[in-house]
Structures are given as C-alpha cells and as structure tokens.
Amino acid sequence: MGILTDTPVTAADAAVGAPPLLAEFAEAGVLEHADIRVAMRFGQLLGEVAEPMLLALALTVRALRQGSVCLDLLTVAATPLDLREGFTGTDLPWPEPTGWLADIEASPLTTLGPDADEGPRPLRLVDGLLYLERYWLQEEEIRRRLVAYRNAAPPALDEERLAEGAAALFDREGLKPDEADRQQVAAILSNADWLTVIAGGPGTGKTSTVAKLLALMFAQAEEPPRVALAAPTGKAAARLSEAVAASVAKLPEPWRSLVPPLRAGTLHSLLQIWGSLKPARRNETNPLPHDVVIVDETSMMSLSLTDTLLRAVRPPAADGSGTRLVLIGDPNQLTSVEAGAVLADICAAERADSARLTGVLERVAPREAALFGPVSGQVVELTHTWRFRGRLHQVAEAIRVSDADRVVDLLTAPVLDPGTDNARLIDLDVTTATPAEVHDHVVAAGRALRTAAEAGDAAGALSALEEYRLLCAHRHGPFGVSRWGREIEGWLGIRPTDGEWYLGRPVMVTRNDRDFGLFNGDTGVVIDTGDGPRVVFEEDGTRWAPALLDGLVTVHAMTIHKAQGSQFGRVAVVLPPADSPLLTKELLYTAVTRAKHGVDVIGTADAVRLAVGRPANRASGLRPRLRENRG
C-alpha cells in the first residue's frame with residue numbers, strides 16, 4: 001500500500017545463549033544477534049573460547065555494519081556508540097587493552113601482520129587494526145593497485161598539443177590574479193598521468209573539467225579513445241551524462257567536435273555486477289576494454305566496489321597500454337553505506353611532490369604552475385566555487401572547515417532572499433511538534449506533483465519531484481523516513497483506500513534490474529496515462545506498468561545517504577538526536593549541499609554544533625598504508 005509502515009529492527013534476543021561478556025554488550029545495544037552468532041560460530045569451528053577474543057570478533061563484525069573496514073582496538077572504547085537508554089560507554093566491561101591485544105595475538109582466529117600467510121583464518125591483526133580477512137585482502141589489493149598506478153611509466157604525451165588545447169579551453173575569467181586555475185591543472189594532469197583524483201564541493205566545476213579534459217584526451221590520441229562514464233547510482237549517472245553533455249556543448253570548435261556523445265551508466269552495469277551474491281563479470285581475466293574510465297560521486301564507493309573496479313581496469317603496461325582512471329568526488333560528503341571511505345582516504349593520505357608532473361605543468365601552463373606550486377601526488381582539489389556564492393555556500397564551507405559557531409550564526413541570521421538563497425535553523429523538538437514551514441513547503445510541492453501526475457504530464461511531474469525533498473538520517477523512529485513519510489502522506493490527504501499506485505506517488509528503485517535498465521537510486525513518479533497508472537522515471541521517460549516493477553519504495557522523505565548524487569530546489573533536514581552516532585559533520589554537509597536554493601535544518605543549535613564538531617570516524621588502514629608507498 002502507499003501508506004508506509006515502521007518496522008524498526010530490534011536486538012532484544014541478541015544476548016540469548018551468548019557468553020556473559022558478549023551478553024552485556026548486547027543488552028547495552030552495542031552488539032546485535034548476527035554479530036554474536038558470527039563470533040560464536042568461528043569460535044566453535046577453530047576452538048576459541050576466550051570471551052575477550054570473541055568480543056573482538058563480534059565488534060569487528062559490528063564495525064563493518066557501521067561502515068568501518070576494521071576495528072581500531074586503541075580507540076573503540078572511546079568511539080560514540082548507539083546505546084540503549086540507561087547505558088553509557090563507560091558502563092561497559094571493556095577488556096584491559098594490553099591483555100586484550102595479547103588474547104587476540106595468541107588466538108587461532110588471527111593472522112598477524114600484513115605479510116603472513118597462515119591459512120584460512122577469519123581475522124587479521126595489522127598495526128592495532130583488526131580485520132575480517134576478506135576486507136583486509138580487499139584493502140590491500142586497492143593499496144597495491146593504487147601504488148602500481150602511481151609508480152607506472154607515464155603515458156605518451158604531446159605537450160605542445162596539450163598546451164595549445166589548455167590555452168584554448170581555459171581563460172581564467174572569474175579567477176583572482178593570484179589564484180591558480182585548478183580546473184586547468186586537473187585537466188592537464190589527467191592527460192599526463194594514469195590516475196587522477198579530482199576533488200571538490202558543489203559548484204566547483206568538476207563536470208565542466210571533465211568535458212575539457214576529454215577534449216584534450218581526444219586531441220592527444222591517434223585513434224579515438226574508448227571512454228566510459230560511470231557513477232555509483234542511476235541518478236548520479238544521469239546527472240553526469242547531462243552535465244558533461246551541457247559542458248561539451250559550450251566548448252569552442254574544433255575542440256567541441258572532438259568529443260562524441262557519451263552516456264554515463266552505473267558502476268554496476270559497467271562492471272556487470274548482477275546481484276549481491278554474484279561476482280562481477282568484469283575482472284582481471286575479463287577486463288574492461290576502455291582506454292579511459294571516469295567515475296563521478298566516488299565518495300559513495302565502498303571498499304568492495306572500489307576493489308572490483310580496480311581489478312576490472314587494465315593496469316598500465318610497459319607498451320603504453322592500459323586504462324586511464326579519473327576519479328571525481330567530494331571527500332567531505334558522506335561515505336558509502338557499506339564499509340569503506342576510499343575517496344577520503346586517498347585524498348587525506350600524505351603525498352610526496354612529483355617532479356615529473358610539476359615539470360609537465362611548468363612546460364604546458366607555466367603561469368598556472370607558478371600559482372599552483374609543486375604537484376603533490378595524484379589529487380587535485382577544486383576550491384573556487386562558481387555556482388554557489390551566497391548563504392548556502394557559506395554554510396557548506398563553514399561546515400567543511402568545522403566552524404560550528406559560524407554555521408549557527410548563518411542559520412539563525414535574517415534571511416536575505418527567501419526565493420533564491422535561504423538557509424535557516426528551525427529549532428523544534430520534532431518528537432512533539434511539526435514545523436509549520438516544512439508542512440507548507442511539502443504540501444505545495446506535493447500538490448504540484450499530483451496535479452501534473454493527474455494530467456499525465458510526465459515532464460511536469462518529474463520536474464516537480466525535484467523541487468522539494470525532506471531528508472532524514474534515520475530510517476525509523478521519530479527522526480526517521482518511515483515516520484515522516486506517513487506524516488507527509490497524511491498532509492497530502494493520501495488514504496489507504498487510494499491504493500499502492502496512487503497518482504503523484506514518488507518512488508525510488510532499491511535494487512538493480514538490468515532487464516528494465518533500472519538501477520538502485522533511480523527515482524520516478526506514478527502518473528495517469530489514460531490506460532491506468534504508469535511509473536515514469538527520470539532516466540529515459542519510459543512509462544512502466546506497475547505490475548512489472550519490484551523493489552520500489554515511496555520517497556516523500558528519504559535518507560541523506562540515498563540523496564547523494566541528487567540535488568533539489570529546496571530541502572528540509574531532520575537532524576537526529578545528539579546521542580545518535582549518525583550525527584556527524586559529513587551528514588550535515590551532505591544534506592545542506594543537496595539544496596540549490598534553500599535548506600531548512602530542523603533541530604537545535606546544540607545539535608548543529610555537535611554535528612559540525614564530530615567528523616565521521618571510519619576505521620581504515622588504507623590512508624596510512626598509502627603513505628608508505630610500498631610496491
């Protein structure tokens with residue numbers, strides 16, 4: 001039915017049959033049933049009965065659920081935990097650190113160190129980080145392949161042709177005299193190296209840089225390179241296609257004609273991943289045929305997906321063949337729903353200056369080289385904001401640099417232009433009240449959506465769908481999508497008797513369907529066609545009979561994670577309570593930057609300050625190990 005149901009997951013039975021130490025952590029709400037059962041099963045198989053060791057294994061499984069790749073034994077006791085009422089982290093019986101580490105090192109469950117091969121053991125301990133072996137192998141494979149890209153012989157390069165193109169495509173309009181044109185730097189380095197990471201926030205020109213670097217690449221090649229554009233979700237892929245096409249159309253001739261029409265797809269379709277339990281069809285033995293792979297929204301890529309991508313591209317070879325890789329994203333956004341924060345790790349890893357790349361930049365664009373300075377590693381951060389200049393940009397930038405007082409001051413200052421540049425804090429306890437402003441925006445947007453849907457106006461309905469969106473951190477509870485989805489359906493007068501496929505119902509795909517070309521994250525709306533309700537999606541406007549579709553959810557409200565890769569005219573953000581581990585700087589930054597014109601942050605000033613001052617803490621060994629530069 002259209003009316004949403006709230007079915008929160010409970011771990012009330014997690015402690016049943018568990019050893020006493022694990023039972024205490026379960027009763028506090030830290031461990032769930034699956035965490036404990038995995039630990040106990042491995043203990044039974046390999047003869048491990050020490051409770052501290054089983055606790056470490058259960059916490060490692062839990063860490064993966066929370067997005068970390070591993071368990072940091074030195075900081076886990078101080079990490080914010082999602083505890084049941086009446087418990088605090090200091091109440092828990094944490095093992096004494098030195099003895100705990102000794103138990104882990106002596107356990108038959110554990111392989112010690114990065115290079116040991118002790119057979120099929122479920123855990124690996126490296127530098128105080130405890131991994132499930134599978135995730136250790138994925139992280140190590142990513143590190144090894146990134147280092148191989150870094151150390152590969154450079155691709156062939158016609159510097160004279162590159163300099164001609166850079167001069168023709170970049171004009172420095174809008175930049176300060178002492179400000180380097182980082183878009184130009186990124187485009188040049190993408191042509192001079194096998195791997196380039198282009199980082200930047202909204203409005204910094206990432207996709208316009210892609211259009212120009214593609215023109216330069218096509219100008220370099222004797223034969224047109226085979227290019228793939230991809231993103232983690234269907235929505236992000238559609239936006240990438242549109243943005244690159246629009247940017248290419250603005251290029252001057254003859255450069256514009258060099259770039260053929262390119263259509264982005266999802267990473268899952270590119271890598272031919274058809275189901276969570278099936279391996280990707282693209283891999284080391286069946287690599288991608290492309291000469292260039294450009295991936296947008298890489299902050300959303302999990303450890304596992306990154307591992308799959310790097311295995312599927314052809315590594316640089318001595319004969320000059322291989323796949324050039326350009327990764328694009330905002331490392332300040334939320335990371336993947338699954339384990340890993342690969343883009344953030346790559347961007348934060350310390351990088352040595354590259355004399356070769358610095359030399360290329362000095363010869364191709366000497367003015368930009370002087371302003372930019374030595375080229376360090378393979379990451380170019382775009383810092384000049386072209387699209388957002390007002391209140392929204394100021395709030396996002398203050399969040400990025402962790403200036404909590406500035407964020408609160410901006411959100412509580414008088415609104416300068418309600419129509420185009422509005423960011424405000426609505427200080428309200430949503431467990432007892434509903435913001436009137438949000439109610440009015442939701443009803444206006446919902447009515448416009450339904451009017452277009454009833455008229456069979458697919459374009460109008462899809463446009464209305466993007467005008468306003470309510471975002472939540474949680475799925476369930478008073479701060480979650482389920483509760484707010486029900487509220488909104490009530491505000492719009494949706495009744496159970498309207499049925500599941502009521503006109504104007506906004507929907508989102510939750511699983512990939514290669515037969516229909518629909519992918520996780522695609523959004524659409526139910527419209528009237530004269531032949532009954534049909535679901536139309538933004539990707540191509542195809543109208544689908546509801547009976548053919550599966551795995552759809554209603555998205556009057558959606559999680560902030562699911563909103564990544566999307567933008568809306570205006571958003572409302574329901575902040576979670578202060579004790580929620582989801583309340584982080586990255587969560588607030590991602591939510592605010594989903595808006596084009598306005599954002600309503602629903603919560604207290606204290607919650608905003610807490611979020612800005614609490615960066616996400618995803619344990620990973622990739623960042624420090626990339627610094628080692630070991631081949």
# chains A, B, ... in the order shown; residues from 1 in each chain; ligands from 1
$ select_by_dssp --residues "region 513-594 of chain A" --states "alpha helix (DSSP H)" --output "NGL selection string"
:A and (560-563 or 585-592)
$ residues_around --residues "Ser304 (chain A)" --least-positions-apart "5" --cutoff "12 Å" --atoms "only C-alpha atoms" --output "PyMOL selection string"
chain A and resi 64+67+69+134-142+268+273+276+279-280+309-311+336-342
$ select_by_dssp --residues "region 235-414 of chain A" --states "strand (DSSP E)" --output "PyMOL selection string"
chain A and resi 265-266+292-295+324-329+379-382
$ atom_distance --atom1 "CA of Asn520 (chain A)" --atom2 "CA of Gly485 (chain A)"
19.4 Å
$ residues_around --residues "region 208-224 of chain A" --least-positions-apart "2" --cutoff "10 Å" --atoms "only C-alpha atoms" --output "count of residues only"
54
